[in-house]
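J.: Just final35.csv, nothing more (CSV, C-alpha atoms and all ligand atoms):
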chain,number,residue,atom,x,y,z
Z,1,MET,CA,-103.7,115.2,-30.2
Z,2,PHE,CA,-103.5,111.4,-30.4
Z,3,LEU,CA,-102.4,110.0,-33.7
Z,4,THR,CA,-102.5,106.4,-34.8
Z,5,ASP,CA,-99.3,104.9,-36.2
Z,6,GLU,CA,-100.6,105.3,-39.7
Z,7,GLU,CA,-101.5,108.9,-39.1
Z,8,ALA,CA,-98.1,109.6,-37.6
Z,9,VAL,CA,-96.5,108.2,-40.7
Z,10,MET,CA,-98.6,110.5,-42.8
Z,11,LEU,CA,-97.5,113.5,-40.7
Z,12,ASP,CA,-93.9,112.5,-41.0
Z,13,GLY,CA,-94.1,112.5,-44.7
Z,14,GLY,CA,-94.0,108.7,-45.2
Z,15,LYS,CA,-96.9,108.9,-47.6
Z,16,GLY,CA,-95.6,111.8,-49.7
Z,17,PRO,CA,-95.6,115.6,-49.4
Z,18,ALA,CA,-99.3,116.1,-50.4
Z,19,VAL,CA,-100.5,113.8,-47.6
Z,20,GLN,CA,-98.0,115.3,-45.2
Z,21,LYS,CA,-99.3,118.8,-45.9
Z,22,ALA,CA,-102.9,117.6,-45.5
Z,23,MET,CA,-102.1,116.0,-42.1
Z,24,GLN,CA,-100.4,119.2,-40.9
Z,25,ILE,CA,-103.7,121.1,-41.8
Z,26,LEU,CA,-105.8,118.6,-39.9
Z,27,VAL,CA,-103.6,118.4,-36.8
Z,28,ALA,CA,-103.5,122.2,-36.6
Z,29,LEU,CA,-107.2,122.5,-37.1
Z,30,GLY,CA,-107.9,119.7,-34.5
Z,31,GLU,CA,-105.6,121.2,-31.9
Z,32,SER,CA,-107.2,124.7,-32.3
Z,33,PHE,CA,-110.6,123.1,-31.6
Z,34,GLY,CA,-109.4,120.9,-28.8
Z,35,ALA,CA,-110.0,117.6,-30.7
Z,36,GLU,CA,-108.4,114.6,-29.0
Z,37,ARG,CA,-108.1,112.5,-32.1
Z,38,LEU,CA,-109.0,112.2,-35.8
Z,39,VAL,CA,-111.9,110.1,-37.0
Z,40,PRO,CA,-112.0,108.2,-40.3
Z,41,VAL,CA,-114.1,109.7,-43.1
Z,42,ASN,CA,-115.0,108.3,-46.5
Z,43,ASN,CA,-117.1,111.2,-47.7
Z,44,VAL,CA,-116.0,114.7,-48.6
Z,45,HIS,CA,-118.0,117.5,-50.2
Z,46,MET,CA,-115.6,120.1,-51.4
Z,47,ALA,CA,-116.5,123.7,-50.7
Z,48,GLY,CA,-113.5,125.4,-52.4
Z,49,SER,CA,-114.5,124.5,-55.9
Z,50,SER,CA,-115.4,128.0,-57.2
Z,51,VAL,CA,-112.6,130.3,-58.4
Z,52,LEU,CA,-114.6,133.1,-56.8
Z,53,VAL,CA,-113.5,131.5,-53.5
Z,54,ALA,CA,-110.1,130.0,-54.6
Z,55,GLU,CA,-108.9,132.8,-56.9
Z,56,GLU,CA,-105.4,132.3,-58.5
Z,57,ALA,CA,-103.7,131.5,-55.2
Z,58,GLY,CA,-106.1,128.8,-54.1
Z,59,THR,CA,-106.1,127.3,-57.6
Z,60,ARG,CA,-102.3,127.1,-57.5
Z,61,PHE,CA,-102.5,125.5,-54.1
Z,62,VAL,CA,-104.8,122.7,-55.3
Z,63,GLU,CA,-102.7,122.3,-58.5
Z,64,ASP,CA,-99.5,122.0,-56.4
Z,65,ILE,CA,-101.1,119.3,-54.2
Z,66,ARG,CA,-102.1,117.4,-57.4
Z,67,ASN,CA,-98.6,117.9,-58.9
Z,68,GLN,CA,-97.1,116.5,-55.7
Z,69,GLY,CA,-99.0,113.2,-56.3
Z,70,GLY,CA,-102.1,113.9,-54.3
Z,71,LYS,CA,-104.8,111.3,-54.7
Z,72,PHE,CA,-108.2,111.4,-53.0
Z,73,ILE,CA,-108.8,108.3,-51.0
Z,74,THR,CA,-112.5,109.1,-50.1
Z,75,ARG,CA,-115.6,109.8,-52.1
Z,76,VAL,CA,-115.4,113.4,-53.1
Z,77,THR,CA,-118.1,115.6,-54.6
Z,78,THR,CA,-117.7,119.3,-55.5
Z,79,ASN,CA,-119.7,122.4,-54.8
Z,80,PRO,CA,-120.8,124.8,-57.5
Z,81,THR,CA,-118.1,126.6,-59.5
Z,82,ALA,CA,-118.1,130.2,-60.8
Z,83,VAL,CA,-118.9,129.1,-64.4
Z,84,ASP,CA,-121.8,127.6,-66.4
Z,85,PRO,CA,-119.8,125.2,-68.7
Z,86,THR,CA,-121.6,126.1,-71.9
Z,87,GLN,CA,-123.5,129.4,-71.4
Z,88,TRP,CA,-120.9,131.4,-69.4
Z,89,ALA,CA,-120.3,134.1,-72.0
Z,90,ASP,CA,-124.0,134.6,-72.7
Z,91,ILE,CA,-124.9,135.1,-69.0
Z,92,GLY,CA,-122.0,137.6,-68.4
Z,93,ILE,CA,-119.4,135.5,-66.6
Z,94,PRO,CA,-115.9,136.9,-67.3
Z,95,GLU,CA,-113.6,134.8,-69.6
Z,96,SER,CA,-110.8,135.0,-67.0
Z,97,ASP,CA,-113.0,133.1,-64.6
Z,98,ALA,CA,-113.8,130.5,-67.2
Z,99,VAL,CA,-110.1,130.0,-67.9
Z,100,LEU,CA,-109.2,129.8,-64.2
Z,101,GLN,CA,-112.2,127.5,-63.4
Z,102,THR,CA,-111.1,125.0,-66.0
Z,103,ARG,CA,-107.7,124.7,-64.2
Z,104,LEU,CA,-109.3,124.4,-60.7
Z,105,THR,CA,-111.9,121.8,-61.8
Z,106,ALA,CA,-109.2,119.8,-63.6
Z,107,ALA,CA,-107.0,119.8,-60.6
Z,108,TYR,CA,-109.7,118.4,-58.3
Z,109,ALA,CA,-110.8,115.9,-61.0
Z,110,GLY,CA,-107.2,114.8,-61.5
Z,111,MET,CA,-107.1,113.7,-57.8
Z,112,GLY,CA,-110.3,111.8,-58.2
Z,113,ALA,CA,-113.2,114.2,-57.5
Z,114,ASN,CA,-116.6,113.6,-58.9
Z,115,SER,CA,-117.1,117.1,-60.5
Z,116,CYS,CA,-120.8,117.3,-59.9
Z,117,ASN,CA,-120.4,121.0,-59.0
Z,118,THR,CA,-123.6,121.4,-57.0
Z,119,CYS,CA,-124.7,122.3,-53.5
Z,120,ILE,CA,-127.2,119.4,-53.5
Z,121,PRO,CA,-124.8,116.4,-53.6
Z,122,TYR,CA,-127.4,114.4,-51.8
Z,123,LEU,CA,-129.6,114.5,-54.9
Z,124,VAL,CA,-126.9,113.5,-57.3
Z,125,GLY,CA,-125.6,110.3,-55.7
Z,126,ASN,CA,-123.8,111.4,-52.5
Z,127,MET,CA,-126.5,110.6,-49.9
Z,128,PRO,CA,-125.1,110.6,-46.4
Z,129,ARG,CA,-125.8,107.6,-44.1
Z,130,PHE,CA,-127.2,107.9,-40.6
Z,131,GLY,CA,-124.3,108.2,-38.1
Z,132,GLU,CA,-121.6,108.5,-40.9
Z,133,HIS,CA,-118.7,110.8,-40.1
Z,134,MET,CA,-118.0,113.1,-43.1
Z,135,ALA,CA,-116.1,116.3,-44.0
Z,136,TRP,CA,-118.6,118.4,-45.9
Z,137,GLY,CA,-118.4,122.0,-46.9
Z,138,GLU,CA,-121.3,124.1,-48.2
Z,139,SER,CA,-123.3,125.3,-45.3
Z,140,SER,CA,-126.8,124.4,-46.6
Z,141,ALA,CA,-125.7,120.8,-47.4
Z,142,VAL,CA,-124.0,120.5,-44.0
Z,143,VAL,CA,-127.3,121.4,-42.2
Z,144,PHE,CA,-129.2,119.0,-44.5
Z,145,ALA,CA,-126.7,116.2,-43.8
Z,146,ASN,CA,-126.7,116.6,-40.0
Z,147,SER,CA,-130.4,117.3,-39.6
Z,148,VAL,CA,-132.2,115.3,-42.3
Z,149,CYS,CA,-129.8,112.4,-42.8
Z,150,GLY,CA,-128.4,112.2,-39.2
Z,151,ALA,CA,-124.8,112.1,-40.6
Z,152,ARG,CA,-122.1,113.9,-38.6
Z,153,THR,CA,-120.1,116.8,-40.1
Z,154,ASN,CA,-118.7,120.1,-39.2
Z,155,ARG,CA,-118.8,122.9,-41.8
Z,156,GLU,CA,-115.4,122.4,-43.6
Z,157,GLY,CA,-113.6,125.0,-45.6
Z,158,GLY,CA,-111.7,124.3,-48.8
Z,159,PRO,CA,-108.3,123.4,-47.3
Z,160,SER,CA,-109.7,121.2,-44.5
Z,161,GLY,CA,-112.0,119.4,-47.0
Z,162,LEU,CA,-109.0,118.8,-49.3
Z,163,ALA,CA,-106.9,117.5,-46.4
Z,164,SER,CA,-109.7,115.1,-45.4
Z,165,ALA,CA,-110.0,113.8,-49.0
Z,166,LEU,CA,-106.3,113.1,-49.1
Z,167,THR,CA,-106.0,111.4,-45.7
Z,168,GLY,CA,-109.5,109.9,-45.0
Z,169,ARG,CA,-109.5,111.7,-41.6
Z,170,THR,CA,-111.1,114.7,-39.9
Z,171,PRO,CA,-110.6,116.1,-36.4
Z,172,GLU,CA,-113.2,114.8,-33.9
Z,173,TYR,CA,-114.8,117.9,-32.4
Z,174,GLY,CA,-118.1,119.8,-32.9
Z,175,PHE,CA,-120.9,117.9,-34.6
Z,176,HIS,CA,-118.9,114.6,-34.6
Z,177,LEU,CA,-119.5,114.3,-30.9
Z,178,LYS,CA,-123.0,113.3,-29.6
Z,179,GLU,CA,-122.9,115.8,-26.7
Z,180,ASN,CA,-122.7,118.7,-29.2
Z,181,ARG,CA,-125.7,117.5,-31.3
Z,182,TYR,CA,-128.5,118.1,-28.9
Z,183,GLY,CA,-130.9,121.0,-29.3
Z,184,LYS,CA,-130.4,124.3,-27.6
Z,185,PHE,CA,-133.3,126.4,-28.6
Z,186,LEU,CA,-136.9,125.4,-28.9
Z,187,VAL,CA,-138.8,127.1,-31.8
Z,188,LYS,CA,-142.6,126.8,-31.6
Z,189,VAL,CA,-144.1,127.2,-35.0
Z,190,GLU,CA,-147.6,128.8,-34.7
Z,191,THR,CA,-148.2,129.8,-38.3
Z,192,PRO,CA,-148.8,127.5,-41.3
Z,193,LEU,CA,-145.8,126.7,-43.5
Z,194,ARG,CA,-147.2,126.4,-47.0
Z,195,ASP,CA,-144.2,126.1,-49.3
Z,196,MET,CA,-140.5,126.2,-49.7
Z,197,THR,CA,-140.4,129.9,-49.2
Z,198,ASP,CA,-142.2,129.7,-45.8
Z,199,TYR,CA,-139.7,127.1,-44.7
Z,200,GLY,CA,-136.9,129.4,-45.9
Z,201,THR,CA,-138.5,132.3,-43.9
Z,202,LEU,CA,-138.7,130.1,-40.8
Z,203,GLY,CA,-135.0,129.3,-41.2
Z,204,PHE,CA,-134.2,132.9,-41.5
Z,205,PHE,CA,-136.1,133.6,-38.3
Z,206,THR,CA,-134.2,131.4,-36.5
Z,207,GLY,CA,-141.5,121.6,-34.2
Z,208,MET,CA,-142.0,121.0,-37.6
Z,209,PRO,CA,-145.8,121.3,-38.0
Z,210,THR,CA,-146.5,118.9,-40.8
Z,211,GLU,CA,-144.5,116.6,-43.1
Z,212,PRO,CA,-142.1,118.8,-45.1
Z,213,THR,CA,-141.0,117.9,-48.6
Z,214,LEU,CA,-137.4,117.4,-49.5
Z,215,GLU,CA,-137.4,120.8,-51.3
Z,216,GLU,CA,-138.8,122.5,-48.1
Z,217,LEU,CA,-136.1,120.8,-45.9
Z,218,LYS,CA,-133.5,122.0,-48.4
Z,219,ALA,CA,-134.8,125.6,-48.2
Z,220,LEU,CA,-134.9,125.4,-44.4
Z,221,SER,CA,-131.3,124.1,-44.3
Z,222,ALA,CA,-130.0,126.9,-46.5
Z,223,ALA,CA,-131.8,129.7,-44.6
Z,224,LEU,CA,-130.6,128.4,-41.2
Z,225,ALA,CA,-127.0,128.1,-42.5
Z,226,SER,CA,-127.0,131.7,-43.8
Z,227,SER,CA,-128.9,133.6,-41.2
Z,228,GLY,CA,-127.5,132.2,-38.0
Z,229,SER,CA,-124.5,130.0,-39.0
Z,230,VAL,CA,-126.6,127.1,-37.7
Z,231,SER,CA,-125.2,123.7,-38.7
Z,232,MET,CA,-128.0,121.5,-37.4
Z,233,PHE,CA,-131.7,121.6,-36.5
Z,234,HIS,CA,-133.9,119.0,-35.0
Z,235,ALA,CA,-137.3,118.6,-36.5
Z,236,VAL,CA,-139.3,116.2,-34.4
Z,237,GLY,CA,-140.3,113.3,-36.5
Z,238,VAL,CA,-137.9,114.3,-39.3
Z,239,THR,CA,-134.4,114.4,-37.8
Z,240,PRO,CA,-133.3,110.8,-37.2
Z,241,GLU,CA,-132.0,111.8,-33.8
Z,242,ALA,CA,-135.2,113.5,-32.8
Z,243,ALA,CA,-138.1,111.0,-32.7
Z,244,THR,CA,-139.4,113.0,-29.8
Z,245,LEU,CA,-138.8,116.4,-28.3
Z,246,GLU,CA,-137.0,114.8,-25.3
Z,247,GLU,CA,-134.7,113.0,-27.6
Z,248,ALA,CA,-133.9,116.2,-29.5
Z,249,PHE,CA,-132.7,117.9,-26.3
Z,250,GLY,CA,-131.2,114.9,-24.6
Z,251,PRO,CA,-129.9,115.8,-21.1
Z,252,ASN,CA,-130.3,119.6,-21.8
Z,253,GLU,CA,-133.2,121.9,-21.2
Z,254,PRO,CA,-133.9,124.4,-24.0
Z,255,GLN,CA,-131.9,127.6,-23.3
Z,256,LYS,CA,-134.7,129.7,-24.9
Z,257,VAL,CA,-138.1,129.1,-26.2
Z,258,LEU,CA,-139.0,131.2,-29.4
Z,259,VAL,CA,-142.3,131.5,-31.1
Z,260,PHE,CA,-142.6,131.8,-34.9
Z,261,GLY,CA,-146.1,133.1,-35.5
Z,262,ASP,CA,-147.7,135.4,-38.1
Z,263,ALA,CA,-145.9,138.5,-36.8
Z,264,GLU,CA,-142.5,136.9,-36.8
Z,265,LYS,CA,-143.0,135.5,-40.3
Z,266,ALA,CA,-144.0,138.9,-41.6
Z,267,GLN,CA,-141.0,140.5,-39.9
Z,268,ALA,CA,-138.6,138.0,-41.4
Z,269,GLU,CA,-140.1,138.4,-44.8
Z,270,ALA,CA,-139.8,142.2,-44.6
Z,271,ALA,CA,-136.2,141.9,-43.6
Z,272,LEU,CA,-135.5,139.9,-46.7
Z,273,ASN,CA,-137.3,142.4,-49.0
Z,274,ARG,CA,-134.8,145.2,-49.2
Z,275,GLU,CA,-135.9,146.8,-52.5
Z,276,PRO,CA,-138.6,149.4,-52.0
Z,277,SER,CA,-139.5,149.9,-55.7
Z,278,ASP,CA,-141.4,147.4,-57.9
Z,279,HIS,CA,-138.4,147.2,-60.3
Z,280,VAL,CA,-137.4,143.7,-61.4
Z,281,ASP,CA,-134.5,142.8,-63.7
Z,282,TRP,CA,-132.7,139.7,-62.4
Z,283,ILE,CA,-134.6,136.7,-61.1
Z,284,LEU,CA,-133.1,133.7,-59.4
Z,285,VAL,CA,-134.8,130.3,-58.6
Z,286,GLY,CA,-132.7,127.4,-57.4
Z,287,CYS,CA,-130.8,128.3,-54.2
Z,288,PRO,CA,-130.0,125.6,-53.1
Z,289,ASN,CA,-129.8,124.3,-56.6
Z,290,ALA,CA,-133.2,123.4,-58.0
Z,291,SER,CA,-134.4,119.8,-57.9
Z,292,VAL,CA,-136.2,118.4,-61.0
Z,293,GLN,CA,-139.5,119.0,-59.2
Z,294,GLU,CA,-138.7,122.7,-58.8
Z,295,ILE,CA,-137.6,123.0,-62.4
Z,296,ARG,CA,-140.9,121.4,-63.4
Z,297,GLU,CA,-142.8,124.0,-61.4
Z,298,VAL,CA,-141.0,126.8,-63.1
Z,299,ALA,CA,-141.7,125.2,-66.5
Z,300,GLU,CA,-145.4,124.9,-65.6
Z,301,ALA,CA,-145.6,128.5,-64.6
Z,302,LEU,CA,-144.1,129.5,-68.0
Z,303,GLU,CA,-146.2,127.2,-70.1
Z,304,GLY,CA,-147.6,129.3,-73.0
Z,305,LYS,CA,-146.1,132.5,-71.5
Z,306,LYS,CA,-143.0,134.7,-72.0
Z,307,VAL,CA,-140.5,136.0,-69.5
Z,308,HIS,CA,-140.7,139.9,-69.7
Z,309,LYS,CA,-138.2,141.4,-72.2
Z,310,ASP,CA,-136.5,143.4,-69.4
Z,311,VAL,CA,-136.0,140.5,-67.1
Z,312,SER,CA,-133.3,137.8,-66.9
Z,313,LEU,CA,-134.6,134.6,-65.3
Z,314,TRP,CA,-132.0,132.2,-64.0
Z,315,VAL,CA,-132.9,128.7,-62.7
Z,316,THR,CA,-129.7,127.3,-61.2
Z,317,THR,CA,-129.2,123.6,-60.9
Z,318,ALA,CA,-126.8,120.6,-61.1
Z,319,GLY,CA,-125.9,119.0,-64.4
Z,320,ALA,CA,-127.6,115.8,-63.4
Z,321,MET,CA,-130.9,117.6,-62.6
Z,322,TYR,CA,-130.6,119.5,-65.9
Z,323,ALA,CA,-130.3,116.2,-67.8
Z,324,MET,CA,-133.4,114.8,-66.2
Z,325,ALA,CA,-135.3,118.1,-66.7
Z,326,GLU,CA,-134.2,118.1,-70.3
Z,327,ARG,CA,-135.5,114.6,-70.9
Z,328,ASN,CA,-138.9,115.6,-69.5
Z,329,GLY,CA,-139.1,118.7,-71.7
Z,330,TYR,CA,-138.9,121.3,-68.9
Z,331,ILE,CA,-135.7,122.9,-70.2
Z,332,ARG,CA,-137.2,123.5,-73.6
Z,333,THR,CA,-140.3,125.1,-72.0
Z,334,ILE,CA,-138.2,127.4,-69.9
Z,335,GLU,CA,-135.9,128.4,-72.7
Z,336,GLU,CA,-138.7,129.0,-75.2
Z,337,ALA,CA,-140.3,131.3,-72.7
Z,338,GLY,CA,-137.0,133.2,-72.5
Z,339,GLY,CA,-135.5,131.9,-69.2
Z,340,VAL,CA,-132.1,130.3,-68.7
Z,341,VAL,CA,-131.4,127.1,-66.8
Z,342,VAL,CA,-127.9,127.7,-65.5
Z,343,ARG,CA,-125.7,124.7,-64.5
Z,344,GLU,CA,-122.9,124.3,-62.0
Z,345,THR,CA,-122.9,127.9,-60.7
Z,346,CYS,CA,-125.1,130.5,-59.0
Z,347,PRO,CA,-125.1,134.3,-58.4
Z,348,PHE,CA,-123.3,133.7,-55.0
Z,349,LEU,CA,-120.4,131.7,-56.4
Z,350,ALA,CA,-120.1,133.4,-59.8
Z,351,ARG,CA,-118.6,136.9,-60.0
Z,352,SER,CA,-121.9,138.8,-59.6
Z,353,ARG,CA,-120.2,142.1,-58.8
Z,354,VAL,CA,-119.0,142.0,-62.5
Z,355,ILE,CA,-122.1,140.3,-64.0
Z,356,ALA,CA,-124.7,142.6,-62.5
Z,357,PRO,CA,-123.3,145.9,-63.8
Z,358,ALA,CA,-122.4,144.4,-67.2
Z,359,LYS,CA,-125.9,143.2,-67.6
Z,360,GLY,CA,-127.5,146.3,-66.0
Z,361,TYR,CA,-129.1,144.4,-63.1
Z,362,LYS,CA,-130.0,146.6,-60.2
Z,363,THR,CA,-132.1,144.2,-58.1
Z,364,LEU,CA,-132.4,140.5,-57.4
Z,365,THR,CA,-135.8,138.8,-57.1
Z,366,THR,CA,-135.8,135.3,-55.6
Z,367,ASN,CA,-137.8,132.7,-53.7
Z,368,SER,CA,-134.7,131.8,-51.7
Z,369,ALA,CA,-134.2,133.2,-48.2
Z,370,LYS,CA,-130.5,132.4,-48.4
Z,371,MET,CA,-130.0,134.3,-51.7
Z,372,ALA,CA,-132.1,137.2,-50.4
Z,373,PHE,CA,-130.0,137.4,-47.3
Z,374,TYR,CA,-126.7,137.4,-49.2
Z,375,ALA,CA,-127.4,139.4,-52.3
Z,376,PRO,CA,-127.3,142.9,-50.8
Z,377,GLY,CA,-124.0,142.4,-48.9
Z,378,GLN,CA,-122.2,140.1,-51.3
Z,379,PHE,CA,-122.9,141.7,-54.6
Z,380,GLY,CA,-124.7,144.9,-53.8
Z,381,LEU,CA,-128.2,144.1,-55.1
Z,382,PRO,CA,-131.3,144.8,-53.0
Z,383,THR,CA,-133.8,142.0,-53.1
Z,384,HIS,CA,-137.4,141.1,-53.6
Z,385,TYR,CA,-138.3,137.9,-51.7
Z,386,GLY,CA,-141.5,135.9,-52.0
Z,387,ASN,CA,-142.8,132.4,-53.0
Z,388,LEU,CA,-142.4,130.8,-56.3
Z,389,GLY,CA,-145.8,131.9,-57.6
Z,390,ARG,CA,-145.1,135.5,-56.9
Z,391,VAL,CA,-141.6,135.4,-58.3
Z,392,MET,CA,-142.8,133.8,-61.5
Z,393,GLN,CA,-145.5,136.5,-61.9
Z,394,ALA,CA,-142.7,139.1,-61.6
Z,395,ALA,CA,-140.7,137.2,-64.3
Z,396,ILE,CA,-143.7,137.4,-66.6
Z,397,ASN,CA,-145.0,140.9,-65.8
Z,398,GLY,CA,-141.6,142.6,-65.1
Z,399,VAL,CA,-142.8,144.2,-61.9
Z,400,TRP,CA,-142.9,143.1,-58.2
Z,401,ARG,CA,-146.3,142.9,-56.7
C,1,LIG,FE1,-126.2,126.7,-53.6
C,1,LIG,FE2,-125.3,129.0,-54.4
C,1,LIG,FE3,-127.4,128.9,-52.9
C,1,LIG,S1,-124.1,127.3,-53.7
C,1,LIG,S2,-127.1,127.1,-51.6
C,1,LIG,S3,-127.3,128.0,-55.0
C,1,LIG,S4,-125.8,130.3,-52.7
What would you get if you wrote out this structure as structure tokens?

T.:
Amino acid sequence: MFLTDEEAVMLDGGKGPAVQKAMQILVALGESFGAERLVPVNNVHMAGSSVLVAEEAGTRFVEDIRNQGGKFITRVTTNPTAVDPTQWADIGIPESDAVLQTRLTAAYAGMGANSCNTCIPYLVGNMPRFGEHMAWGESSAVVFANSVCGARTNREGGPSGLASALTGRTPEYGFHLKENRYGKFLVKVETPLRDMTDYGTLGFFTGMPTEPTLEELKALSAALASSGSVSMFHAVGVTPEAATLEEAFGPNEPQKVLVFGDAEKAQAEAALNREPSDHVDWILVGCPNASVQEIREVAEALEGKKVHKDVSLWVTTAGAMYAMAERNGYIRTIEEAGGVVVRETCPFLARSRVIAPAKGYKTLTTNSAKMAFYAPGQFGLPTHYGNLGRVMQAAINGVWR
């Protein structure tokens, strides 16, 4: 792989051991994917920021890099952690995770990360530019960045994101190259998409019919990332590189044409509903993390009502969204009704295999296709999946209908 003089100096250790290690990671990664060179990046979203992912070994690795003088030279935002900073004990997060998470978060912050700890960095100040090369982790955010913003990023893991933040480089392969960004499959949507959950169901199934909201695009991005490891979609009229269908496919013909109609929608919904009984105990809204608008919708659904005594309702969000929702009174409404607005973590990145048995949770009920897809395999809870209205009814009534 071609390296500039400056990159060669980094690889030879001329900029210190932390940068040298980072460059070794990037060169090995680039060579394994056939990259011809590195491209400059100034924007990293760090995936390895939860101790559920990093554990003790990963935490020590990040601490070692910091102790060797590592400094981030790009903008860096961080993905959710394993811990809500103030309510972790109440919601069942083990103390050992809280202790380890403090170390990991401090190590990233010590190198210059903005510890926003969310999977929606684009809503808290890290908005990608069209055409910008980046090194982002977090699959749903990667799809959003490529498809809604027209930025260019592969799906980076913790070590490669760390290496990019230390060097300002990423290997040029995959979605950094225009020829890899054209569409491959054409999906004809022949059923109305009414809300976030319908967009999530579409993403799980595999034209965009109307003008989707930001929340709907967020849900679609997350579902595509989880169901099919997709890192980019083209929605004609939404994706900056897809003003027309012809532009979306470029020189290629669609390899396959798929239809998403009523039957396919029902099939995808059924696949995400794994719990046969009407039992409800743990409810999750906010995957990807809830926007202020979504928190408002939850608060409105709970106005003058109570969450059922046998149900735990989690609304997961970023600290910045929490602050805005608090100012608008939404947090108070949700808490007075008996719900919890959880910051900086989610059931996927917290230790749910410990939380669920400790709290007696046997199912997970959610309006997120991504969470409904992961919950059975990742932490052993069968799911109820439906739109926000249905999920909030379950929160209030304590049964799934
Ligand atoms: Fe975000 Fe956790 Fe969902 S990281 S996309 S809320 S699984």

J.: To one decimal place in Å, what is the distance between CA of Gly183 in chain Z and CA of Leu217 in chain Z?

T.: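 Straight-line distance from CA of Gly183 in chain Z to CA of Leu217 in chain Z works out to 17.4 Å.
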
J.: Quick one: which chain Z residues come within 9 Å of ligand LIG 1 (chain C), and what is the nearest atom pair for each with the distance in Å to one decimal, counting all atoms listed in the file, rows ordered by chain and ascending number, as JSON lines?

T.:
{"residue": "Z:Ala47", "atom": "CA", "partner": "C:LIG1", "partner_atom": "S1", "distance": 8.9}
{"residue": "Z:Asn79", "atom": "CA", "partner": "C:LIG1", "partner_atom": "S1", "distance": 6.7}
{"residue": "Z:Pro80", "atom": "CA", "partner": "C:LIG1", "partner_atom": "S1", "distance": 5.6}
{"residue": "Z:Thr81", "atom": "CA", "partner": "C:LIG1", "partner_atom": "S1", "distance": 8.4}
{"residue": "Z:Thr118", "atom": "CA", "partner": "C:LIG1", "partner_atom": "S1", "distance": 6.8}
{"residue": "Z:Cys119", "atom": "CA", "partner": "C:LIG1", "partner_atom": "FE1", "distance": 4.6}
{"residue": "Z:Ile120", "atom": "CA", "partner": "C:LIG1", "partner_atom": "FE1", "distance": 7.4}
{"residue": "Z:Glu138", "atom": "CA", "partner": "C:LIG1", "partner_atom": "S1", "distance": 7.0}
{"residue": "Z:Ser139", "atom": "CA", "partner": "C:LIG1", "partner_atom": "S2", "distance": 7.6}
{"residue": "Z:Ser140", "atom": "CA", "partner": "C:LIG1", "partner_atom": "S2", "distance": 5.7}
{"residue": "Z:Ala141", "atom": "CA", "partner": "C:LIG1", "partner_atom": "S2", "distance": 7.7}
{"residue": "Z:Lys218", "atom": "CA", "partner": "C:LIG1", "partner_atom": "S2", "distance": 8.8}
{"residue": "Z:Ala219", "atom": "CA", "partner": "C:LIG1", "partner_atom": "S2", "distance": 8.5}
{"residue": "Z:Ser221", "atom": "CA", "partner": "C:LIG1", "partner_atom": "S2", "distance": 8.9}
{"residue": "Z:Ala222", "atom": "CA", "partner": "C:LIG1", "partner_atom": "S2", "distance": 5.9}
{"residue": "Z:Ala223", "atom": "CA", "partner": "C:LIG1", "partner_atom": "S2", "distance": 8.8}
{"residue": "Z:Val285", "atom": "CA", "partner": "C:LIG1", "partner_atom": "S3", "distance": 8.6}
{"residue": "Z:Gly286", "atom": "CA", "partner": "C:LIG1", "partner_atom": "S3", "distance": 5.9}
{"residue": "Z:Cys287", "atom": "CA", "partner": "C:LIG1", "partner_atom": "S3", "distance": 3.6}
{"residue": "Z:Pro288", "atom": "CA", "partner": "C:LIG1", "partner_atom": "S2", "distance": 3.6}
{"residue": "Z:Asn289", "atom": "CA", "partner": "C:LIG1", "partner_atom": "S3", "distance": 4.7}
{"residue": "Z:Ala290", "atom": "CA", "partner": "C:LIG1", "partner_atom": "S3", "distance": 8.1}
{"residue": "Z:Thr316", "atom": "CA", "partner": "C:LIG1", "partner_atom": "S3", "distance": 6.7}
{"residue": "Z:Thr317", "atom": "CA", "partner": "C:LIG1", "partner_atom": "S3", "distance": 7.6}
{"residue": "Z:Glu344", "atom": "CA", "partner": "C:LIG1", "partner_atom": "S1", "distance": 8.9}
{"residue": "Z:Thr345", "atom": "CA", "partner": "C:LIG1", "partner_atom": "FE2", "distance": 6.8}
{"residue": "Z:Cys346", "atom": "CA", "partner": "C:LIG1", "partner_atom": "FE2", "distance": 4.8}
{"residue": "Z:Pro347", "atom": "CA", "partner": "C:LIG1", "partner_atom": "FE2", "distance": 6.6}
{"residue": "Z:Phe348", "atom": "CA", "partner": "C:LIG1", "partner_atom": "S4", "distance": 4.8}
{"residue": "Z:Leu349", "atom": "CA", "partner": "C:LIG1", "partner_atom": "FE2", "distance": 5.9}
{"residue": "Z:Ala350", "atom": "CA", "partner": "C:LIG1", "partner_atom": "FE2", "distance": 8.7}
{"residue": "Z:Ser368", "atom": "CA", "partner": "C:LIG1", "partner_atom": "FE3", "distance": 7.9}
{"residue": "Z:Lys370", "atom": "CA", "partner": "C:LIG1", "partner_atom": "FE3", "distance": 6.5}
{"residue": "Z:Met371", "atom": "CA", "partner": "C:LIG1", "partner_atom": "S4", "distance": 5.9}
{"residue": "Z:Tyr374", "atom": "CA", "partner": "C:LIG1", "partner_atom": "S4", "distance": 8.0}

J.: My list of candidates is Z:His45, Z:Arg401, Z:Arg129, Z:His308. Which is closest to Val142 in chain Z when distances are computed with all atoms listed in the file?

T.: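 So, comparing all the options, the nearest one is Z:His45.
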
J.: Which residues, written as a ChimeraX atom specification, have at least one atom at most 7 Å from Ser312 in chain Z, with only C-alpha atoms counted and residues fewer than 3 positions away on the same chain left out?

T.: /Z:281-283,339

J.: Would you mind telling me which residue in Z:Pro121, Z:Gly386, Z:Pro276, Z:Gly161 lies nearest to Thr77 in chain Z when using only C-alpha atoms?

T.: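 Closest to Thr77 in chain Z of all the choices is Z:Pro121.
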